[in-house]
>>> print(open('upload30.txt').read())   # compact mmCIF, C-alpha atoms and all ligand atoms
# COMPACT_ATOMS: atom_id res chain seq x y z
CA MET A 1 -19.74 -18.83 -105.40
CA PRO A 2 -20.28 -15.79 -103.16
CA THR A 3 -23.20 -16.15 -100.80
CA SER A 4 -24.68 -14.18 -97.93
CA HIS A 5 -24.74 -17.33 -95.88
CA SER A 6 -21.98 -18.41 -93.53
CA ILE A 7 -23.49 -21.81 -92.98
CA GLN A 8 -25.81 -23.89 -95.17
CA VAL A 9 -27.06 -27.24 -93.97
CA LYS A 10 -29.14 -29.67 -96.03
CA GLY A 11 -30.64 -32.96 -94.97
CA LEU A 12 -28.19 -33.85 -92.22
CA HIS A 13 -28.62 -37.32 -90.79
CA LYS A 14 -26.64 -38.86 -87.98
CA SER A 15 -27.11 -42.00 -85.93
CA TYR A 16 -25.07 -43.46 -83.11
CA LYS A 17 -25.50 -47.17 -83.79
CA GLU A 18 -29.28 -47.65 -83.99
CA HIS A 19 -30.01 -44.38 -82.20
CA GLN A 20 -31.11 -41.88 -84.86
CA VAL A 21 -30.24 -38.42 -83.54
CA LEU A 22 -30.52 -36.23 -86.66
CA LYS A 23 -33.25 -37.17 -89.14
CA GLY A 24 -32.85 -34.54 -91.84
CA VAL A 25 -31.75 -31.19 -90.46
CA ASP A 26 -31.85 -28.11 -92.71
CA PHE A 27 -31.03 -24.48 -91.98
CA GLU A 28 -28.99 -21.50 -93.12
CA VAL A 29 -27.09 -18.90 -91.14
CA GLU A 30 -26.65 -15.37 -92.50
CA LYS A 31 -23.22 -13.79 -92.40
CA GLY A 32 -22.69 -11.51 -89.41
CA SER A 33 -25.77 -12.77 -87.56
CA ILE A 34 -26.33 -14.62 -84.31
CA PHE A 35 -28.10 -17.94 -84.88
CA ALA A 36 -29.36 -20.01 -81.97
CA LEU A 37 -29.97 -23.73 -82.21
CA LEU A 38 -32.39 -24.33 -79.39
CA GLY A 39 -33.18 -27.73 -78.01
CA SER A 40 -33.51 -29.66 -74.81
CA ASN A 41 -30.80 -31.84 -73.35
CA GLY A 42 -30.03 -34.72 -75.72
CA ALA A 43 -31.77 -33.11 -78.72
CA GLY A 44 -28.62 -33.39 -80.85
CA LYS A 45 -27.21 -29.85 -80.63
CA THR A 46 -23.63 -30.91 -79.91
CA THR A 47 -23.89 -33.50 -82.69
CA VAL A 48 -24.75 -30.69 -85.16
CA VAL A 49 -21.87 -28.56 -83.84
CA LYS A 50 -19.41 -31.45 -84.09
CA ILE A 51 -20.45 -32.17 -87.69
CA LEU A 52 -20.20 -28.52 -88.75
CA THR A 53 -16.80 -28.12 -87.09
CA THR A 54 -15.52 -31.31 -88.82
CA LEU A 55 -15.05 -33.29 -85.59
CA LEU A 56 -17.68 -35.84 -86.62
CA LYS A 57 -18.89 -37.11 -90.02
CA GLN A 58 -22.55 -37.01 -90.97
CA ASP A 59 -24.20 -40.16 -92.31
CA ALA A 60 -26.06 -38.24 -95.01
CA GLY A 61 -26.72 -34.69 -96.10
CA THR A 62 -24.38 -31.80 -96.91
CA ALA A 63 -23.19 -28.62 -95.30
CA THR A 64 -20.99 -25.70 -96.18
CA VAL A 65 -19.25 -23.47 -93.67
CA ASN A 66 -17.82 -20.18 -94.95
CA GLY A 67 -18.57 -21.52 -98.43
CA PHE A 68 -16.51 -24.69 -97.93
CA ASP A 69 -17.99 -28.14 -98.05
CA ILE A 70 -17.40 -29.82 -94.68
CA ALA A 71 -16.69 -33.21 -96.25
CA SER A 72 -14.35 -32.22 -99.07
CA LYS A 73 -12.73 -29.07 -97.60
CA PRO A 74 -12.40 -29.74 -93.86
CA ASP A 75 -9.09 -27.84 -93.56
CA HIS A 76 -10.61 -24.71 -95.08
CA VAL A 77 -13.57 -25.05 -92.73
CA ARG A 78 -11.28 -25.33 -89.70
CA GLN A 79 -9.37 -22.23 -90.75
CA SER A 80 -12.62 -20.26 -90.88
CA ILE A 81 -14.00 -21.16 -87.46
CA SER A 82 -13.47 -21.37 -83.75
CA LEU A 83 -15.24 -23.68 -81.35
CA THR A 84 -15.88 -23.11 -77.69
CA GLY A 85 -17.30 -26.26 -76.19
CA GLN A 86 -19.49 -26.96 -73.24
CA PHE A 87 -16.47 -27.61 -71.07
CA ALA A 88 -13.95 -24.79 -70.86
CA ALA A 89 -10.69 -25.31 -72.75
CA VAL A 90 -8.88 -23.09 -70.23
CA ASP A 91 -5.82 -24.61 -68.50
CA GLU A 92 -6.38 -24.02 -64.80
CA ILE A 93 -2.70 -24.16 -63.86
CA LEU A 94 -1.76 -21.34 -66.22
CA THR A 95 -2.54 -17.66 -65.75
CA GLY A 96 -5.02 -15.95 -68.05
CA ARG A 97 -2.19 -14.38 -70.02
CA GLU A 98 -0.26 -17.65 -70.28
CA ASN A 99 -3.34 -19.42 -71.61
CA LEU A 100 -3.70 -16.83 -74.35
CA VAL A 101 0.00 -16.72 -75.23
CA LEU A 102 0.08 -20.51 -75.47
CA ILE A 103 -2.76 -20.60 -77.99
CA ALA A 104 -1.33 -17.60 -79.88
CA LYS A 105 1.95 -19.49 -80.28
CA LEU A 106 0.19 -22.67 -81.34
CA ARG A 107 -1.59 -20.62 -83.98
CA HIS A 108 1.78 -19.16 -85.10
CA LEU A 109 0.78 -15.55 -84.47
CA LYS A 110 3.71 -13.19 -84.99
CA GLN A 111 3.25 -11.27 -81.74
CA PRO A 112 1.67 -13.66 -79.27
CA ARG A 113 2.19 -11.46 -76.21
CA GLN A 114 0.65 -8.44 -77.94
CA ALA A 115 -2.30 -10.50 -79.17
CA ALA A 116 -2.82 -11.82 -75.63
CA ASP A 117 -2.69 -8.35 -74.09
CA ASP A 118 -5.15 -6.95 -76.62
CA LEU A 119 -7.66 -9.68 -75.83
CA LEU A 120 -7.17 -9.38 -72.06
CA LYS A 121 -8.01 -5.70 -72.36
CA ARG A 122 -11.00 -6.26 -74.61
CA PHE A 123 -12.46 -8.88 -72.28
CA GLY A 124 -11.83 -6.94 -69.07
CA LEU A 125 -9.23 -9.41 -67.81
CA THR A 126 -6.14 -7.20 -67.66
CA ASP A 127 -6.19 -6.94 -63.85
CA ALA A 128 -6.53 -10.71 -63.53
CA ALA A 129 -4.03 -11.50 -66.31
CA ASP A 130 -1.31 -12.84 -64.02
CA ARG A 131 -3.56 -14.88 -61.75
CA LYS A 132 -4.02 -18.58 -62.29
CA ALA A 133 -7.20 -19.36 -64.19
CA SER A 134 -8.21 -21.68 -61.32
CA SER A 135 -8.87 -18.53 -59.26
CA TYR A 136 -11.23 -17.08 -61.88
CA SER A 137 -15.00 -16.92 -61.48
CA GLY A 138 -17.16 -18.89 -63.92
CA GLY A 139 -17.84 -15.75 -65.94
CA MET A 140 -14.16 -14.79 -66.12
CA ARG A 141 -13.22 -18.29 -67.22
CA ARG A 142 -15.86 -18.24 -69.91
CA ARG A 143 -14.60 -14.82 -71.09
CA LEU A 144 -11.06 -16.18 -71.24
CA ASP A 145 -12.28 -19.24 -73.11
CA ILE A 146 -14.02 -17.11 -75.75
CA ALA A 147 -10.98 -14.78 -75.95
CA MET A 148 -8.78 -17.83 -76.63
CA SER A 149 -11.09 -18.92 -79.43
CA LEU A 150 -10.67 -15.53 -81.14
CA LEU A 151 -6.92 -15.85 -81.63
CA GLY A 152 -6.38 -16.42 -85.33
CA ASN A 153 -9.36 -14.22 -86.15
CA PRO A 154 -11.99 -16.75 -87.26
CA ASP A 155 -15.01 -15.50 -89.24
CA ILE A 156 -17.46 -17.93 -87.67
CA ILE A 157 -17.67 -18.65 -83.97
CA PHE A 158 -19.34 -21.78 -82.63
CA LEU A 159 -20.41 -21.60 -79.00
CA ASP A 160 -21.86 -24.84 -77.66
CA GLU A 161 -24.01 -23.95 -74.64
CA PRO A 162 -21.89 -20.94 -73.70
CA THR A 163 -23.72 -20.22 -70.45
CA THR A 164 -24.71 -23.64 -69.16
CA GLY A 165 -23.60 -23.88 -65.55
CA LEU A 166 -22.94 -20.15 -65.18
CA ASP A 167 -24.59 -18.02 -62.52
CA PRO A 168 -26.99 -15.29 -63.71
CA GLU A 169 -24.39 -12.52 -63.53
CA ALA A 170 -21.83 -14.49 -65.55
CA ARG A 171 -24.55 -15.38 -68.03
CA ILE A 172 -25.30 -11.71 -68.64
CA GLU A 173 -21.56 -10.96 -69.02
CA THR A 174 -21.32 -13.71 -71.63
CA TRP A 175 -24.37 -12.44 -73.50
CA LYS A 176 -22.73 -9.02 -73.76
CA ILE A 177 -19.62 -10.56 -75.30
CA VAL A 178 -21.62 -12.61 -77.78
CA LYS A 179 -23.48 -9.47 -78.91
CA GLU A 180 -20.18 -7.60 -79.31
CA LEU A 181 -18.79 -10.40 -81.48
CA ALA A 182 -21.69 -10.07 -83.90
CA GLU A 183 -21.44 -6.28 -83.84
CA GLY A 184 -17.79 -6.71 -84.85
CA GLY A 185 -18.93 -8.65 -87.95
CA LYS A 186 -18.49 -12.22 -86.74
CA THR A 187 -21.08 -14.88 -87.43
CA VAL A 188 -22.08 -16.57 -84.19
CA PHE A 189 -23.63 -20.03 -84.12
CA LEU A 190 -24.69 -20.91 -80.61
CA THR A 191 -26.58 -23.74 -79.05
CA THR A 192 -28.67 -23.37 -75.97
CA GLN A 193 -31.31 -25.12 -73.93
CA TYR A 194 -32.36 -21.77 -72.48
CA LEU A 195 -35.29 -20.20 -74.24
CA GLU A 196 -34.46 -16.86 -72.68
CA GLU A 197 -30.92 -17.00 -74.04
CA ALA A 198 -32.08 -17.53 -77.61
CA GLU A 199 -34.64 -14.79 -77.10
CA GLN A 200 -32.03 -12.34 -75.77
CA LEU A 201 -29.30 -13.00 -78.30
CA ALA A 202 -30.36 -14.49 -81.55
CA ASP A 203 -31.34 -12.84 -84.82
CA ARG A 204 -32.75 -16.22 -85.80
CA ILE A 205 -33.76 -19.21 -83.76
CA ALA A 206 -34.12 -22.80 -84.93
CA ILE A 207 -35.70 -25.35 -82.65
CA LEU A 208 -34.26 -28.87 -82.85
CA HIS A 209 -36.66 -31.49 -81.63
CA GLU A 210 -36.76 -35.23 -82.22
CA GLY A 211 -34.13 -35.04 -84.95
CA ARG A 212 -35.62 -32.22 -86.99
CA ILE A 213 -35.89 -28.43 -87.06
CA ILE A 214 -39.51 -27.94 -86.05
CA ALA A 215 -39.44 -24.14 -86.21
CA ASN A 216 -37.03 -21.59 -87.64
CA GLY A 217 -37.40 -17.85 -87.71
CA THR A 218 -36.86 -14.54 -86.02
CA LEU A 219 -38.32 -14.17 -82.57
CA SER A 220 -41.28 -12.23 -83.93
CA GLU A 221 -41.89 -14.87 -86.60
CA LEU A 222 -41.87 -17.58 -83.95
CA LYS A 223 -44.24 -15.57 -81.80
CA LYS A 224 -46.74 -15.54 -84.66
CA LEU A 225 -46.85 -19.32 -84.53
CA PHE A 226 -48.52 -19.01 -81.18
CA PRO A 227 -52.27 -19.40 -81.62
CA PRO A 228 -53.87 -15.92 -81.43
CA ALA A 229 -56.79 -17.24 -79.39
CA LYS A 230 -54.44 -18.03 -76.58
CA VAL A 231 -52.68 -14.68 -76.75
CA GLU A 232 -55.90 -12.94 -75.71
CA TYR A 233 -55.77 -14.62 -72.36
CA VAL A 234 -52.19 -13.74 -71.50
CA GLU A 235 -51.32 -10.20 -70.54
CA LYS A 236 -47.80 -10.15 -71.91
CA GLN A 237 -46.45 -11.35 -75.24
CA PRO A 238 -45.96 -15.10 -75.39
CA SER A 239 -42.50 -16.12 -74.32
CA LEU A 240 -40.41 -18.45 -76.40
CA GLU A 241 -41.21 -21.08 -73.81
CA ASP A 242 -44.92 -20.75 -74.60
CA ILE A 243 -44.14 -21.08 -78.29
CA PHE A 244 -41.85 -24.04 -77.77
CA LEU A 245 -44.42 -25.91 -75.71
CA THR A 246 -47.18 -25.11 -78.18
CA ILE A 247 -45.18 -26.38 -81.15
CA ILE A 248 -44.10 -29.53 -79.35
CA GLY A 249 -47.66 -30.07 -78.23
CA HIS A 250 -48.86 -29.83 -81.83
CA LYS A 251 -46.19 -32.23 -83.05
CA ARG A 252 -47.16 -34.76 -80.42
CA GLY A 253 -50.81 -34.29 -81.33
CA ASP A 254 -50.05 -34.85 -85.02
CA GLN A 255 -48.55 -38.26 -84.47
N1 LIG B 1 -20.68 -40.70 -79.11
C1 LIG B 1 -21.93 -41.04 -78.85
N2 LIG B 1 -22.32 -42.34 -78.83
C2 LIG B 1 -23.60 -42.69 -78.59
N3 LIG B 1 -24.60 -41.81 -78.34
C3 LIG B 1 -24.28 -40.51 -78.35
C4 LIG B 1 -22.95 -40.06 -78.59
N4 LIG B 1 -22.94 -38.70 -78.54
C5 LIG B 1 -24.20 -38.33 -78.26
N5 LIG B 1 -25.01 -39.40 -78.15
C6 LIG B 1 -26.47 -39.37 -77.89
O1 LIG B 1 -27.07 -38.64 -78.92
C7 LIG B 1 -28.09 -37.78 -78.43
C8 LIG B 1 -27.78 -36.35 -78.78
O2 LIG B 1 -26.61 -35.95 -78.10
P1 LIG B 1 -26.04 -34.47 -78.18
O3 LIG B 1 -25.80 -34.11 -79.60
O4 LIG B 1 -24.87 -34.40 -77.26
O5 LIG B 1 -27.29 -33.62 -77.62
P2 LIG B 1 -27.33 -32.16 -76.96
O6 LIG B 1 -26.03 -31.50 -77.24
O7 LIG B 1 -28.50 -31.49 -77.62
O8 LIG B 1 -27.58 -32.36 -75.51
C9 LIG B 1 -28.17 -38.06 -76.94
O9 LIG B 1 -29.17 -39.00 -76.71
C10 LIG B 1 -26.81 -38.63 -76.62
O10 LIG B 1 -26.87 -39.49 -75.51
MG MG B 2 -24.64 -30.62 -76.03
>>> encode(input="upload30.txt", output="structure tokens")
Amino acid sequence: MPTSHSIQVKGLHKSYKEHQVLKGVDFEVEKGSIFALLGSNGAGKTTVVKILTTLLKQDAGTATVNGFDIASKPDHVRQSISLTGQFAAVDEILTGRENLVLIAKLRHLKQPRQAADDLLKRFGLTDAADRKASSYSGGMRRRLDIAMSLLGNPDIIFLDEPTTGLDPEARIETWKIVKELAEGGKTVFLTTQYLEEAEQLADRIAILHEGRIIANGTLSELKKLFPPAKVEYVEKQPSLEDIFLTIIGHKRGDQ
């Protein structure tokens, strides 16, 4: 059935032994949007990404990716997506071009060299194409990593903490690329522990905390959750950090 959603998640549960990490996670991601799953270290972001990219099975709940059920149609899901993990998939011994050509061949592209050159150009890596990736800066490596994930033209791009460990300049470079991907019609699902990153990039932000989505909305919707009484005392608009702390504070208080 046609839907405007690229990803639909209902009631996801996942435990590692007795450690319950996901306790009923629900959200939807609109086609062509940037969706940020925001949560602190250990919140379960990578677990969600692994389940949605078919690397890990959920204990309960359902999800569809590009309209395909992750449990019954994992091959179709894999053909629709790319995944760039927290740790770069780039081979340090190969040059930038060789890395791209290798993946293009693995994906059986008809013109691997041409596909590699097009991506090198698009990601500003043409001048560095014949240097070993080990000589690349963090930002260049991340650009190459994302370029590699685009070979095969996936509709949905998963980026698990795309800027963790990058310096501020490389972070801004990566943000630009993520925005361009969405402008080009891709759906981007990213995880981050940086409030500012979600704020800068995402059309919609979902906050994962203690196994559940405790808030989900556009930035302006999330800002409305901030108690108005407090807003009077701050000169600028509340940051996502203020909102995050307020919501978590409330949750703690509720218990
Ligand atoms: N394979 C595993 N076995 C046991 N515990 C795990 C495993 N993977 C992750 N965890 C635990 O599950 C929790 C969530 O991990 P993860 O999804 O990687 O969080 P995040 O990506 O938000 O940092 C953490 O407490 C982590 O230690
Ligand atoms: Mg993680």
>>> residues_near_ligand(input="upload30.txt", ligand="ligand LIG 1 (chain B)", cutoff="7 Å", atoms="only C-alpha atoms and all ligand atoms", output="count of residues only")
12
>>> closest_residue(input="upload30.txt", among="A:Ile93, A:Leu144, A:Ile243, A:Ile157", to="Ile7 of chain A", atoms="only C-alpha atoms")
A:Ile157
>>> closest_residue(input="upload30.txt", among="A:Pro162, A:Gly138, A:Gly124, A:Pro154", to="ligand MG 2 (chain B)", atoms="all atoms listed in the file")
A:Pro162
>>> closest_residue(input="upload30.txt", among="A:Arg113, A:Arg97, A:Arg107, A:His19", to="Thr126 of chain A", atoms="all atoms listed in the file")
A:Arg97
>>> closest_residue(input="upload30.txt", among="A:Gly249, A:Gly217, A:Gly85, A:Gly152", to="ligand MG 2 (chain B)", atoms="all atoms listed in the file")
A:Gly85
>>> residues_around(input="upload30.txt", residues="Phe123 of chain A", least_positions_apart="5", cutoff="8 Å", atoms="only C-alpha atoms", output="list of chain:residue names")
A:Arg143, A:Leu144, A:Ala147, A:Ile177
>>> write_last_selection(input="upload30.txt", atoms="C-alpha atoms", output="PDB file, keeping the file's coordinate frame")
ATOM      1  CA  ARG A 143     -14.600 -14.820 -71.090  1.00  0.00           C
ATOM      2  CA  LEU A 144     -11.060 -16.180 -71.240  1.00  0.00           C
ATOM      3  CA  ALA A 147     -10.980 -14.780 -75.950  1.00  0.00           C
ATOM      4  CA  ILE A 177     -19.620 -10.560 -75.300  1.00  0.00           C
TER       5      ILE A 177
END
>>> atom_distance(input="upload30.txt", atom1="atom CA of Lys31 of chain A", atom2="atom CA of Thr192 of chain A")
19.8 Å
>>> closest_residue(input="upload30.txt", among="A:Asp69, A:Thr163, A:Asp155, A:Asp145", to="ligand MG 2 (chain B)", atoms="only C-alpha atoms and all ligand atoms")
A:Thr163
>>> closest_residue(input="upload30.txt", among="A:Leu208, A:Ile81, A:Ala71, A:Val178", to="ligand MG 2 (chain B)", atoms="all atoms listed in the file")
A:Leu208
>>> atom_distance(input="upload30.txt", atom1="atom CA of Leu150 of chain A", atom2="atom CA of Ser82 of chain A")
7.0 Å
>>> residues_around(input="upload30.txt", residues="Ala182 of chain A", least_positions_apart="5", cutoff="9 Å", atoms="only C-alpha atoms", output="list in words")
Gly32, Ser33, Ile34, Ile177, Thr187 and Val188 of chain A
